[in-house]
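**Student:** Just one file: model.tsv, with TSV, C-alpha atoms.
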chain	number	residue	atom	x	y	z
X	1	MET	CA	141.50	177.92	-52.09
X	2	LEU	CA	145.06	178.29	-53.31
X	3	PRO	CA	146.22	174.77	-52.28
X	4	PHE	CA	143.21	173.35	-54.12
X	5	LEU	CA	144.17	175.32	-57.22
X	6	SER	CA	147.74	174.00	-57.17
X	7	GLN	CA	146.42	170.45	-56.72
X	8	PHE	CA	144.09	171.00	-59.66
X	9	VAL	CA	146.93	172.25	-61.85
X	10	ALA	CA	149.09	169.27	-60.88
X	11	PHE	CA	146.21	166.89	-61.61
X	12	TYR	CA	145.60	168.56	-64.98
X	13	LEU	CA	149.27	168.30	-65.94
X	14	ARG	CA	149.44	164.64	-64.99
X	15	THR	CA	146.31	163.70	-66.90
X	16	GLN	CA	146.10	166.02	-69.90
X	17	VAL	CA	149.67	166.84	-70.89
X	18	ASN	CA	151.38	163.73	-72.21
X	19	ASN	CA	155.06	164.52	-71.69
X	20	SER	CA	154.90	166.47	-68.45
X	21	GLN	CA	156.73	165.26	-65.38
X	22	ILE	CA	156.11	166.87	-62.01
X	23	PRO	CA	158.41	166.44	-59.01
X	24	LYS	CA	157.07	164.50	-56.07
X	25	LYS	CA	156.14	166.60	-53.05
X	26	SER	CA	156.40	165.81	-49.37
X	27	SER	CA	154.49	166.95	-46.31
X	28	LYS	CA	155.12	166.89	-42.59
X	29	LYS	CA	153.14	163.69	-42.21
X	30	LYS	CA	154.52	161.97	-45.29
X	31	PRO	CA	158.21	162.61	-46.06
X	32	LEU	CA	159.73	161.62	-49.38
X	33	SER	CA	161.26	158.19	-49.81
X	34	LYS	CA	164.77	157.73	-51.18
X	35	ALA	CA	163.35	156.66	-54.54
X	36	ASP	CA	161.23	159.82	-54.73
X	37	LYS	CA	164.24	161.98	-53.85
X	38	ALA	CA	166.29	160.27	-56.57
X	39	TYR	CA	163.46	160.83	-59.06
X	40	ASN	CA	163.27	164.54	-58.15
X	41	LYS	CA	167.04	164.91	-58.50
X	42	LYS	CA	167.04	163.24	-61.92
X	43	LEU	CA	164.12	165.38	-63.06
X	44	SER	CA	165.73	168.61	-61.87
X	45	SER	CA	169.05	167.78	-63.52
X	46	GLU	CA	167.23	167.34	-66.86
X	47	ARG	CA	165.09	170.41	-66.32
X	48	ILE	CA	167.92	172.84	-65.55
X	49	PHE	CA	169.47	172.25	-68.98
X	50	ILE	CA	166.19	173.18	-70.67
X	51	GLU	CA	165.76	176.22	-68.41
X	52	HIS	CA	169.23	177.48	-69.38
X	53	VAL	CA	168.42	177.13	-73.09
X	54	ILE	CA	165.17	179.06	-72.67
X	55	GLY	CA	167.09	181.75	-70.77
X	56	LYS	CA	169.58	182.10	-73.60
X	57	LEU	CA	166.77	182.38	-76.15
X	58	LYS	CA	165.24	185.13	-74.02
X	59	ILE	CA	168.53	187.03	-74.18
X	60	PHE	CA	168.11	187.19	-77.96
X	61	LYS	CA	164.58	188.60	-77.32
X	62	ILE	CA	162.92	186.13	-79.69
X	63	ILE	CA	160.87	184.60	-76.87
X	64	SER	CA	160.69	187.38	-74.30
X	65	GLU	CA	159.08	189.99	-76.57
X	66	ARG	CA	156.45	189.99	-79.27
X	67	TYR	CA	157.81	188.87	-82.65
X	68	ARG	CA	157.01	191.69	-85.05
X	69	ASN	CA	158.55	190.43	-88.29
X	70	ARG	CA	157.13	188.10	-90.92
X	71	ARG	CA	155.74	184.85	-89.58
X	72	LYS	CA	157.42	182.87	-92.34
X	73	ARG	CA	160.84	183.80	-91.00
X	74	PHE	CA	160.16	183.12	-87.32
X	75	GLY	CA	161.14	179.46	-87.62
X	76	LEU	CA	164.24	180.31	-89.59
X	77	ARG	CA	165.39	182.93	-87.08
X	78	PHE	CA	164.55	180.72	-84.13
X	79	ASN	CA	166.58	177.87	-85.64
X	80	LEU	CA	169.49	180.22	-86.37
X	81	ILE	CA	169.58	181.41	-82.78
X	82	ALA	CA	169.34	177.82	-81.55
X	83	GLY	CA	172.21	176.92	-83.91
X	84	ILE	CA	174.33	179.78	-82.54
X	85	TYR	CA	173.66	178.55	-79.02
X	86	ASN	CA	174.52	174.96	-79.95
X	87	TRP	CA	177.71	176.10	-81.68
X	88	GLU	CA	178.63	178.11	-78.60
X	89	ARG	CA	178.08	175.05	-76.39
X	90	GLY	CA	180.00	172.74	-78.72
X	91	PHE	CA	177.12	170.48	-79.83
Would you mind writing the structure in this file as C-alpha cells?

**Tutor:**
Amino acid sequence: MLPFLSQFVAFYLRTQVNNSQIPKKSSKKKPLSKADKAYNKKLSSERIFIEHVIGKLKIFKIISERYRNRRKRFGLRFNLIAGIYNWERGF
C-alpha cells in the first residue's frame, strides 16, 4: 500500500500543483538516462539553496514554532528576518 501512496502523491503533485518539480526515479529494470540524471542534478542544485533558506528561517523560530504575536506584523517580521539573511549572504 505504501508504494501506491507515494505514486499517488507524486501524481497529485504533477497534476495539481503548478510549480512543483519532482526528480525522476529509476528502478532495477529501468535505469535513468543521462538526460534524467542531468535534470535531477539541476533540480537538486536549485532545491538545496531553498532548503538552506528555510533552515535559516527555522533558526529564528518564525517558521518552526507557532507565531503568537499579532498577525499584522507577521509579514513585517518575516521580511525583516529574510532581509537579515540576505544581508548576511551579500545579496

**Student:** What is the CA of Ile81 (chain X)-CA of Ser64 (chain X) distance in Å, reported with one decimal?

**Tutor:**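 Separation between CA of Ile81 (chain X) and CA of Ser64 (chain X): 13.7 Å.
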
**Student:** Find the axis-aligned box for region 69-84 of chain X, covering all its listed atoms and adding 3 Å on each side, and write its centre and edge lengths in Å to one decimal as lines of an AutoDock Vina configuration file.

**Tutor:**
center_x = 165.0
center_y = 183.7
center_z = -86.9
size_x = 24.6
size_y = 19.5
size_z = 16.8

**Student:** Considering all atoms listed in the file, return as a list in words whatever protein or nucleic-acid residues lie within 10 Å of region 49-59 of chain X, sequence-local ones (same chain, fewer than 6 positions apart) excluded.

**Tutor:**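 My reading of the contact set: Glu65, Phe78, Ile81, Ala82, Tyr85 and Asn86 of chain X.
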
**Student:** If I take CA of Gly90 (chain X) and CA of Ser45 (chain X), how far is one from the other in Å, to one decimal?

**Tutor:**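 So the answer is 19.4 Å.
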
**Student:** Counting only C-alpha atoms, which residue out of X:Phe60, X:Arg68, X:Lys25, X:Lys34 sits closest to Leu80 (chain X)?

**Tutor:**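 Ranking X:Phe60, X:Arg68, X:Lys25, X:Lys34 by distance to Leu80 (chain X), first place goes to X:Phe60.
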
**Student:** Just to confirm, what's the straight-line distance from CA of Gly83 (chain X) to CA of Lys42 (chain X) in Å (one decimal)?

**Tutor:**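 Here the two named atoms are 26.4 Å from each other.
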